[in-house]
Every structure is written in C-alpha cells, then in structure tokens.
$ cat final.csv   # CSV, N, CA and C atoms and all ligand atoms
chain,number,residue,atom,x,y,z
A,957,MET,N,-7.7,9.4,8.2
A,957,MET,CA,-7.0,8.2,8.6
A,957,MET,C,-5.5,8.2,8.3
A,958,GLU,N,-4.7,7.8,9.2
A,958,GLU,CA,-3.3,7.9,9.0
A,958,GLU,C,-2.7,6.5,8.6
A,959,PHE,N,-1.9,6.5,7.7
A,959,PHE,CA,-1.2,5.3,7.3
A,959,PHE,C,0.3,5.4,7.4
A,960,ASP,N,0.9,4.4,7.8
A,960,ASP,CA,2.4,4.5,7.9
A,960,ASP,C,3.0,4.4,6.5
A,961,ARG,N,4.2,5.0,6.4
A,961,ARG,CA,4.8,5.1,5.1
A,961,ARG,C,5.0,3.7,4.4
A,962,GLY,N,5.4,2.8,5.2
A,962,GLY,CA,5.7,1.4,4.7
A,962,GLY,C,4.4,0.9,4.0
A,963,ARG,N,3.3,1.1,4.6
A,963,ARG,CA,2.1,0.5,4.1
A,963,ARG,C,1.7,1.2,2.8
A,964,LEU,N,1.9,2.5,2.8
A,964,LEU,CA,1.6,3.3,1.5
A,964,LEU,C,2.5,2.9,0.4
A,965,GLU,N,3.8,2.7,0.8
A,965,GLU,CA,4.7,2.3,-0.3
A,965,GLU,C,4.3,0.9,-0.8
A,966,ARG,N,3.9,0.0,0.1
A,966,ARG,CA,3.5,-1.3,-0.4
A,966,ARG,C,2.3,-1.2,-1.3
A,967,PHE,N,1.4,-0.3,-1.0
A,967,PHE,CA,0.2,-0.1,-1.8
A,967,PHE,C,0.6,0.4,-3.2
A,968,PHE,N,1.4,1.5,-3.2
A,968,PHE,CA,1.7,2.1,-4.5
A,968,PHE,C,2.6,1.3,-5.4
A,969,LEU,N,3.4,0.4,-4.8
A,969,LEU,CA,4.2,-0.5,-5.6
A,969,LEU,C,3.3,-1.3,-6.5
A,970,LYS,N,2.1,-1.5,-6.1
A,970,LYS,CA,1.2,-2.4,-6.8
A,970,LYS,C,0.2,-1.6,-7.7
A,971,VAL,N,0.5,-0.3,-7.8
A,971,VAL,CA,-0.4,0.5,-8.7
A,971,VAL,C,0.3,1.0,-9.9
A,972,VAL,N,-0.3,0.8,-11.0
A,972,VAL,CA,0.3,1.4,-12.3
A,972,VAL,C,-0.3,2.8,-12.4
A,973,LYS,N,0.5,3.7,-11.9
A,973,LYS,CA,0.0,5.1,-11.9
A,973,LYS,C,0.0,5.7,-13.3
A,974,GLN,N,-1.1,6.2,-13.7
A,974,GLN,CA,-1.2,6.9,-15.0
A,974,GLN,C,-1.5,8.3,-14.8
A,975,GLU,N,-1.9,9.0,-15.9
A,975,GLU,CA,-2.4,10.4,-15.8
A,975,GLU,C,-3.6,10.4,-14.9
A,976,PRO,N,-3.9,11.6,-14.3
A,976,PRO,CA,-5.0,11.7,-13.3
A,976,PRO,C,-6.4,11.2,-13.8
A,977,ASP,N,-6.6,11.3,-15.1
A,977,ASP,CA,-7.9,11.0,-15.7
A,977,ASP,C,-7.9,9.6,-16.3
A,978,GLU,N,-6.8,8.9,-16.2
A,978,GLU,CA,-6.7,7.5,-16.7
A,978,GLU,C,-6.9,6.5,-15.6
A,979,CYS,N,-7.2,5.3,-15.9
A,979,CYS,CA,-7.3,4.2,-14.9
A,979,CYS,C,-5.9,3.8,-14.4
A,980,TRP,N,-5.9,3.7,-13.1
A,980,TRP,CA,-4.7,3.2,-12.4
A,980,TRP,C,-4.9,1.7,-12.1
A,981,GLU,N,-4.3,0.9,-12.9
A,981,GLU,CA,-4.5,-0.6,-12.7
A,981,GLU,C,-3.8,-1.1,-11.5
A,982,TRP,N,-4.6,-2.0,-10.8
A,982,TRP,CA,-4.0,-2.7,-9.6
A,982,TRP,C,-3.3,-3.9,-10.1
A,983,LYS,N,-2.0,-4.0,-9.7
A,983,LYS,CA,-1.1,-5.1,-10.1
A,983,LYS,C,-1.1,-6.2,-9.1
A,984,GLY,N,-1.7,-5.9,-7.9
A,984,GLY,CA,-1.6,-6.9,-6.8
A,984,GLY,C,-2.6,-8.0,-7.1
A,985,CYS,N,-2.9,-8.8,-6.1
A,985,CYS,CA,-3.8,-9.9,-6.3
A,985,CYS,C,-5.2,-9.4,-6.4
A,986,ARG,N,-6.0,-10.2,-7.1
A,986,ARG,CA,-7.4,-9.9,-7.3
A,986,ARG,C,-8.3,-10.9,-6.5
A,987,ARG,N,-9.4,-10.4,-6.0
A,987,ARG,CA,-10.3,-11.3,-5.4
A,987,ARG,C,-11.0,-12.0,-6.5
A,988,GLY,N,-11.8,-13.1,-6.1
A,988,GLY,CA,-12.5,-13.9,-7.1
A,988,GLY,C,-13.5,-13.1,-7.9
A,989,ASN,N,-13.9,-11.9,-7.4
A,989,ASN,CA,-14.9,-11.1,-8.1
A,989,ASN,C,-14.3,-10.1,-9.0
A,990,GLY,N,-12.9,-10.1,-9.1
A,990,GLY,CA,-12.3,-9.2,-10.0
A,990,GLY,C,-11.7,-7.9,-9.3
A,991,TYR,N,-12.1,-7.6,-8.1
A,991,TYR,CA,-11.6,-6.5,-7.4
A,991,TYR,C,-10.3,-6.8,-6.8
A,992,GLY,N,-9.4,-5.7,-6.7
A,992,GLY,CA,-8.1,-5.9,-6.1
A,992,GLY,C,-8.2,-6.1,-4.6
A,993,GLY,N,-7.3,-6.8,-4.1
A,993,GLY,CA,-7.3,-7.0,-2.6
A,993,GLY,C,-6.0,-6.5,-2.1
A,994,PHE,N,-6.1,-5.9,-0.9
A,994,PHE,CA,-4.9,-5.4,-0.3
A,994,PHE,C,-4.9,-5.7,1.2
A,995,TRP,N,-3.8,-6.2,1.7
A,995,TRP,CA,-3.7,-6.5,3.2
A,995,TRP,C,-3.4,-5.3,4.0
A,996,ASN,N,-4.4,-4.9,4.8
A,996,ASN,CA,-4.3,-3.7,5.6
A,996,ASN,C,-4.5,-4.2,7.1
A,997,ASN,N,-3.4,-4.1,7.8
A,997,ASN,CA,-3.5,-4.5,9.2
A,997,ASN,C,-4.0,-5.9,9.4
A,998,SER,N,-3.4,-6.8,8.6
A,998,SER,CA,-3.7,-8.3,8.7
A,998,SER,C,-5.2,-8.5,8.3
A,999,LYS,N,-5.8,-7.6,7.7
A,999,LYS,CA,-7.2,-7.7,7.2
A,999,LYS,C,-7.1,-7.4,5.7
A,1000,GLN,N,-7.8,-8.3,4.9
A,1000,GLN,CA,-7.8,-7.9,3.5
A,1000,GLN,C,-9.0,-7.0,3.1
A,1001,ILE,N,-8.7,-5.9,2.5
A,1001,ILE,CA,-9.7,-5.0,2.1
A,1001,ILE,C,-9.6,-4.8,0.6
A,1002,TYR,N,-10.6,-4.2,-0.1
A,1002,TYR,CA,-10.5,-3.9,-1.5
A,1002,TYR,C,-9.5,-2.8,-1.7
A,1003,ALA,N,-8.7,-3.0,-2.8
A,1003,ALA,CA,-7.6,-2.1,-3.1
A,1003,ALA,C,-8.3,-0.7,-3.4
A,1004,HIS,N,-9.4,-0.7,-4.1
A,1004,HIS,CA,-10.0,0.6,-4.4
A,1004,HIS,C,-10.5,1.3,-3.2
A,1005,ARG,N,-11.0,0.5,-2.2
A,1005,ARG,CA,-11.4,1.1,-0.9
A,1005,ARG,C,-10.2,1.7,-0.2
A,1006,PHE,N,-9.1,1.0,-0.2
A,1006,PHE,CA,-7.9,1.5,0.4
A,1006,PHE,C,-7.5,2.8,-0.2
A,1007,SER,N,-7.5,2.8,-1.6
A,1007,SER,CA,-7.2,4.0,-2.3
A,1007,SER,C,-8.0,5.2,-1.9
A,1008,TRP,N,-9.3,4.9,-1.7
A,1008,TRP,CA,-10.2,5.9,-1.2
A,1008,TRP,C,-9.8,6.5,0.1
A,1009,LEU,N,-9.5,5.5,1.0
A,1009,LEU,CA,-9.1,5.9,2.4
A,1009,LEU,C,-7.8,6.8,2.3
A,1010,VAL,N,-6.9,6.4,1.5
A,1010,VAL,CA,-5.6,7.1,1.4
A,1010,VAL,C,-5.8,8.5,0.9
A,1011,HIS,N,-6.7,8.7,-0.2
A,1011,HIS,CA,-6.8,9.9,-0.8
A,1011,HIS,C,-7.9,10.8,-0.2
A,1012,HIS,N,-8.9,10.2,0.3
A,1012,HIS,CA,-10.1,11.0,0.7
A,1012,HIS,C,-10.3,10.9,2.2
A,1013,GLY,N,-9.6,10.0,2.9
A,1013,GLY,CA,-9.7,10.0,4.4
A,1013,GLY,C,-10.6,8.9,5.0
A,1014,SER,N,-11.8,8.8,4.6
A,1014,SER,CA,-12.7,7.9,5.3
A,1014,SER,C,-13.9,7.5,4.4
A,1015,ILE,N,-14.5,6.4,4.8
A,1015,ILE,CA,-15.7,5.9,4.1
A,1015,ILE,C,-16.8,6.0,5.1
A,1016,PRO,N,-17.8,6.8,4.9
A,1016,PRO,CA,-18.9,6.9,5.8
A,1016,PRO,C,-19.6,5.5,6.0
A,1017,GLU,N,-20.0,5.3,7.2
A,1017,GLU,CA,-20.7,4.0,7.6
A,1017,GLU,C,-21.8,3.6,6.5
A,1018,GLY,N,-21.7,2.4,6.0
A,1018,GLY,CA,-22.8,2.0,5.1
A,1018,GLY,C,-22.6,2.4,3.7
A,1019,LYS,N,-21.5,3.2,3.4
A,1019,LYS,CA,-21.3,3.6,2.0
A,1019,LYS,C,-20.4,2.7,1.3
A,1020,LEU,N,-20.6,2.6,0.0
A,1020,LEU,CA,-19.7,1.8,-0.9
A,1020,LEU,C,-18.8,2.7,-1.7
A,1021,VAL,N,-17.7,2.2,-2.0
A,1021,VAL,CA,-16.8,2.9,-3.0
A,1021,VAL,C,-17.0,2.3,-4.3
A,1022,LEU,N,-17.5,3.1,-5.3
A,1022,LEU,CA,-17.9,2.6,-6.6
A,1022,LEU,C,-17.0,3.2,-7.6
A,1023,HIS,N,-17.0,2.5,-8.8
A,1023,HIS,CA,-16.2,3.0,-9.9
A,1023,HIS,C,-17.0,3.7,-10.9
A,1024,LYS,N,-16.5,4.9,-11.3
A,1024,LYS,CA,-17.2,5.6,-12.4
A,1024,LYS,C,-16.8,4.9,-13.7
A,1025,CYS,N,-15.6,4.3,-13.7
A,1025,CYS,CA,-15.1,3.8,-15.0
A,1025,CYS,C,-15.4,2.4,-15.2
A,1026,ASN,N,-16.1,1.7,-14.3
A,1026,ASN,CA,-16.5,0.3,-14.4
A,1026,ASN,C,-15.3,-0.6,-14.5
A,1027,ASN,N,-14.2,-0.2,-14.1
A,1027,ASN,CA,-13.0,-1.0,-14.2
A,1027,ASN,C,-12.7,-1.4,-12.7
A,1028,LYS,N,-13.0,-2.7,-12.5
A,1028,LYS,CA,-12.9,-3.2,-11.1
A,1028,LYS,C,-11.5,-3.1,-10.6
A,1029,GLY,N,-10.5,-3.2,-11.5
A,1029,GLY,CA,-9.1,-3.2,-11.1
A,1029,GLY,C,-8.5,-1.8,-10.9
A,1030,CYS,N,-9.3,-0.8,-11.1
A,1030,CYS,CA,-8.8,0.6,-11.1
A,1030,CYS,C,-8.9,1.2,-9.7
A,1031,VAL,N,-7.8,1.8,-9.3
A,1031,VAL,CA,-7.7,2.4,-8.0
A,1031,VAL,C,-7.5,3.9,-8.1
A,1032,ASN,N,-7.7,4.5,-9.2
A,1032,ASN,CA,-7.6,6.0,-9.4
A,1032,ASN,C,-8.6,6.7,-8.6
A,1033,PRO,N,-8.2,7.5,-7.5
A,1033,PRO,CA,-9.2,8.1,-6.7
A,1033,PRO,C,-10.2,9.0,-7.5
A,1034,ASN,N,-9.7,9.5,-8.6
A,1034,ASN,CA,-10.6,10.3,-9.4
A,1034,ASN,C,-11.7,9.5,-10.1
A,1035,HIS,N,-11.6,8.2,-10.2
A,1035,HIS,CA,-12.6,7.4,-10.8
A,1035,HIS,C,-13.5,6.7,-9.8
A,1036,LEU,N,-13.3,7.1,-8.5
A,1036,LEU,CA,-14.1,6.5,-7.5
A,1036,LEU,C,-15.1,7.5,-6.9
A,1037,TYR,N,-16.2,6.9,-6.5
A,1037,TYR,CA,-17.2,7.8,-5.8
A,1037,TYR,C,-17.9,7.0,-4.8
A,1038,LEU,N,-18.5,7.7,-3.8
A,1038,LEU,CA,-19.3,7.0,-2.8
A,1038,LEU,C,-20.7,6.8,-3.2
A,1039,GLY,N,-21.2,5.7,-2.9
A,1039,GLY,CA,-22.6,5.4,-3.3
A,1039,GLY,C,-23.3,4.6,-2.2
A,1040,ASP,N,-24.6,4.5,-2.4
A,1040,ASP,CA,-25.4,3.7,-1.5
A,1040,ASP,C,-25.6,2.3,-2.1
A,1041,TYR,N,-26.1,1.4,-1.3
A,1041,TYR,CA,-26.3,0.1,-1.8
A,1041,TYR,C,-27.3,0.1,-3.0
A,1042,SER,N,-28.2,1.0,-2.9
A,1042,SER,CA,-29.2,1.1,-4.0
A,1042,SER,C,-28.6,1.6,-5.3
A,1043,ASP,N,-27.5,2.3,-5.2
A,1043,ASP,CA,-26.9,2.9,-6.4
A,1043,ASP,C,-26.4,1.8,-7.3
A,1044,ASN,N,-26.0,0.7,-6.8
A,1044,ASN,CA,-25.4,-0.3,-7.6
A,1044,ASN,C,-25.6,-1.7,-7.0
A,1045,MET,N,-26.6,-2.4,-7.5
A,1045,MET,CA,-26.9,-3.6,-6.9
A,1045,MET,C,-25.8,-4.6,-6.9
A,1046,MET,N,-25.0,-4.6,-8.0
A,1046,MET,CA,-23.9,-5.5,-8.1
A,1046,MET,C,-22.9,-5.3,-7.0
A,1047,ASP,N,-22.6,-4.0,-6.8
A,1047,ASP,CA,-21.6,-3.7,-5.7
A,1047,ASP,C,-22.2,-4.0,-4.4
A,1048,ALA,N,-23.5,-3.9,-4.2
A,1048,ALA,CA,-24.1,-4.2,-3.0
A,1048,ALA,C,-23.9,-5.7,-2.7
A,1049,LEU,N,-24.1,-6.5,-3.7
A,1049,LEU,CA,-23.9,-7.9,-3.5
A,1049,LEU,C,-22.4,-8.2,-3.1
A,1050,LEU,N,-21.5,-7.4,-3.6
A,1050,LEU,CA,-20.1,-7.6,-3.4
A,1050,LEU,C,-19.6,-6.9,-2.1
A,1051,ALA,N,-20.4,-6.2,-1.4
A,1051,ALA,CA,-20.0,-5.4,-0.3
A,1051,ALA,C,-19.3,-6.3,0.7
A,1052,ASN,N,-19.8,-7.4,1.0
A,1052,ASN,CA,-19.2,-8.3,2.0
A,1052,ASN,C,-19.0,-9.7,1.5
A,1053,PRO,N,-18.2,-9.8,0.5
A,1053,PRO,CA,-18.0,-11.1,-0.1
A,1053,PRO,C,-17.2,-12.0,0.7
A,1054,PRO,N,-17.3,-13.3,0.5
A,1054,PRO,CA,-16.4,-14.2,1.2
A,1054,PRO,C,-15.0,-13.9,0.8
A,1055,LEU,N,-14.1,-14.1,1.7
A,1055,LEU,CA,-12.7,-13.9,1.4
A,1055,LEU,C,-12.1,-14.8,0.4
A,1056,HIS,N,-11.7,-14.3,-0.7
A,1056,HIS,CA,-11.0,-15.2,-1.7
A,1056,HIS,C,-9.5,-15.1,-1.4
A,1057,LEU,N,-8.9,-16.1,-1.1
A,1057,LEU,CA,-7.5,-16.0,-0.8
A,1057,LEU,C,-6.6,-16.0,-2.0
A,1058,CYS,N,-5.8,-15.0,-2.0
A,1058,CYS,CA,-4.9,-14.8,-3.2
A,1058,CYS,C,-4.1,-16.0,-3.5
A,1059,ALA,N,-3.7,-16.7,-2.5
A,1059,ALA,CA,-2.9,-17.9,-2.8
A,1059,ALA,C,-3.6,-18.8,-3.7
A,1060,ARG,N,-4.9,-18.9,-3.6
A,1060,ARG,CA,-5.7,-19.8,-4.4
A,1060,ARG,C,-5.7,-19.3,-5.9
A,1061,VAL,N,-5.9,-18.0,-6.0
A,1061,VAL,CA,-5.9,-17.4,-7.3
A,1061,VAL,C,-4.5,-17.7,-8.0
A,1062,ARG,N,-3.5,-17.4,-7.3
A,1062,ARG,CA,-2.1,-17.7,-7.9
A,1062,ARG,C,-2.0,-19.1,-8.3
A,1063,GLU,N,-2.4,-20.0,-7.4
A,1063,GLU,CA,-2.3,-21.4,-7.8
A,1063,GLU,C,-3.1,-21.8,-9.0
A,1064,GLU,N,-4.3,-21.2,-9.2
A,1064,GLU,CA,-5.1,-21.4,-10.4
A,1064,GLU,C,-4.3,-20.9,-11.6
A,1065,ARG,N,-3.7,-19.7,-11.5
A,1065,ARG,CA,-3.0,-19.2,-12.6
A,1065,ARG,C,-1.8,-20.1,-13.0
A,1066,ARG,N,-1.1,-20.6,-11.9
A,1066,ARG,CA,0.0,-21.4,-12.2
A,1066,ARG,C,-0.4,-22.7,-12.9
A,1067,GLN,N,-1.5,-23.2,-12.5
A,1067,GLN,CA,-2.0,-24.5,-13.1
A,1067,GLN,C,-2.4,-24.2,-14.6
A,1068,ARG,N,-3.0,-23.0,-14.8
A,1068,ARG,CA,-3.3,-22.7,-16.2
A,1068,ARG,C,-2.1,-22.6,-17.1
A,1069,ARG,N,-1.0,-22.0,-16.5
A,1069,ARG,CA,0.2,-21.9,-17.3
A,1069,ARG,C,0.8,-23.2,-17.6
A,1070,ILE,N,0.8,-24.1,-16.7
A,1070,ILE,CA,1.3,-25.4,-16.9
A,1070,ILE,C,0.5,-26.2,-17.9
A,1071,HIS,N,-0.8,-26.1,-17.8
A,1071,HIS,CA,-1.6,-26.9,-18.7
A,1071,HIS,C,-2.1,-26.1,-19.9
A,1072,GLY,N,-1.6,-24.9,-20.1
A,1072,GLY,CA,-1.9,-24.1,-21.3
A,1072,GLY,C,-3.3,-23.6,-21.1
B,1101,ZN,ZN,-10.6,3.9,-13.7

$ encode --input "final.csv" --output "structure tokens" --more "lines below"
Ligand SMILES: [Zn+2]
Amino acid sequence: MEFDRGRLERFFLKVVKQEPDECWEWKGCRRGNGYGGFWNNSKQIYAHRFSWLVHHGSIPEGKLVLHKCNNKGCVNPNHLYLGDYSDNMMDALLANPPLHLCARVREERRQRRIHG
C-alpha cells in the first residue's frame, strides 16, 4: 500500500520513536478503548493498524493486528503481529468498535483539568 509523504509525516509526528525493541508510544488521540486513532483518508483507523500498513504493507482480510507487548498505545511494528479473532477475544470485541470521537476525549480531559 502506498502512502503519500504528507500522511506519513503526520503519522510519525505523533509517534515517540524509541529503539527498535522498545514501545513506540502514540501521542495522538486515543479511542475510548485505549487504542490510538489516526485519520486516514477521512476515515479513522487504529494507529497500530496504520503502522502495520506502513511497515508491512497490508492486513489480510479478517486478520487483526495485535500487540505482543500488551501496550495498546504502542505502534512499534516489531511489537505487532497478525492474529485471528480467536487469538485474542478482547481484540475481537474491539475489532469494529463504535467510533469514539477524539474531540470528546479532549473535552473530557479539559474538564478534568479544570475540575482537578
Ligand atoms: Zn510495544
């Protein structure tokens, strides 16, 4: 899969790149379930799935991108692997979650800051 340079730059601006074996934390917005969200072609997808697409090319139909490191916010391609729904029931449940709008998350954070 090809991505234009601008989109890749936008993605990596939000990644705290560490050593290849360390977690690369997603700095962008998070979905309500803790996974990073990234706007790709006016569609929001999981940041770790986008990372997989960038580094590995494609996600076979019906496959999930799972974390070896159990860190939902990690987008290090070395920490990701493809699995089936049966490999991880939690991820299966999260495969098609309702869209959590980042604006709402930001608003909640803002409210928490104001009210301590
Ligand atoms: Zn990781």

$ closest_atom_pairs --input "final.csv" --of "chain A" --to "ligand ZN 1101 (chain B)" --cutoff "7 Å" --atoms "all atoms listed in the file" --output "Markdown table"
| residue | atom | partner | partner_atom | distance |
| --- | --- | --- | --- | --- |
| A:Asp977 | C | B:ZN1101 | ZN | 6.8 |
| A:Glu978 | C | B:ZN1101 | ZN | 4.9 |
| A:Cys979 | CA | B:ZN1101 | ZN | 3.5 |
| A:Trp980 | N | B:ZN1101 | ZN | 4.7 |
| A:His1023 | CA | B:ZN1101 | ZN | 6.8 |
| A:Lys1024 | C | B:ZN1101 | ZN | 6.3 |
| A:Cys1025 | CA | B:ZN1101 | ZN | 4.7 |
| A:Asn1026 | N | B:ZN1101 | ZN | 6.0 |
| A:Asn1027 | N | B:ZN1101 | ZN | 5.5 |
| A:Gly1029 | C | B:ZN1101 | ZN | 6.7 |
| A:Cys1030 | CA | B:ZN1101 | ZN | 4.6 |
| A:Val1031 | N | B:ZN1101 | ZN | 5.6 |
| A:Asn1032 | N | B:ZN1101 | ZN | 5.4 |
| A:Asn1034 | C | B:ZN1101 | ZN | 6.7 |
| A:His1035 | CA | B:ZN1101 | ZN | 5.0 |
| A:Leu1036 | N | B:ZN1101 | ZN | 6.7 |

$ residues_near_point --input "final.csv" --point "(-2.5, 1.8, -7.4)" --cutoff "8 Å" --atoms "all atoms listed in the file" --output "PyMOL selection string"
chain A and resi 967-974+980-984+1003+1007+1029-1032

$ atom_distance --input "final.csv" --atom1 "atom CA of A:Arg1069" --atom2 "atom CA of A:Tyr1002"
26.2 Å

$ atom_distance --input "final.csv" --atom1 "atom C of A:Gly1039" --atom2 "atom N of A:Pro1016"
9.2 Å

$ closest_residue --input "final.csv" --among "A:Ser998, A:Asp960, A:Arg1068, A:Gly990" --to "A:Val1010" --atoms "only C-alpha atoms"
A:Asp960

$ atom_distance --input "final.csv" --atom1 "atom N of A:Glu965" --atom2 "atom C of A:Ile1015"
21.3 Å

$ closest_residue --input "final.csv" --among "A:Leu1038, A:Phe1006, A:Trp995, A:Pro976" --to "A:Leu1022" --atoms "only N, CA and C atoms"
A:Leu1038

$ closest_residue --input "final.csv" --among "A:Ile1070, A:Lys1028, A:His1012, A:Gly1018" --to "A:Gly993" --atoms "only C-alpha atoms"
A:Lys1028
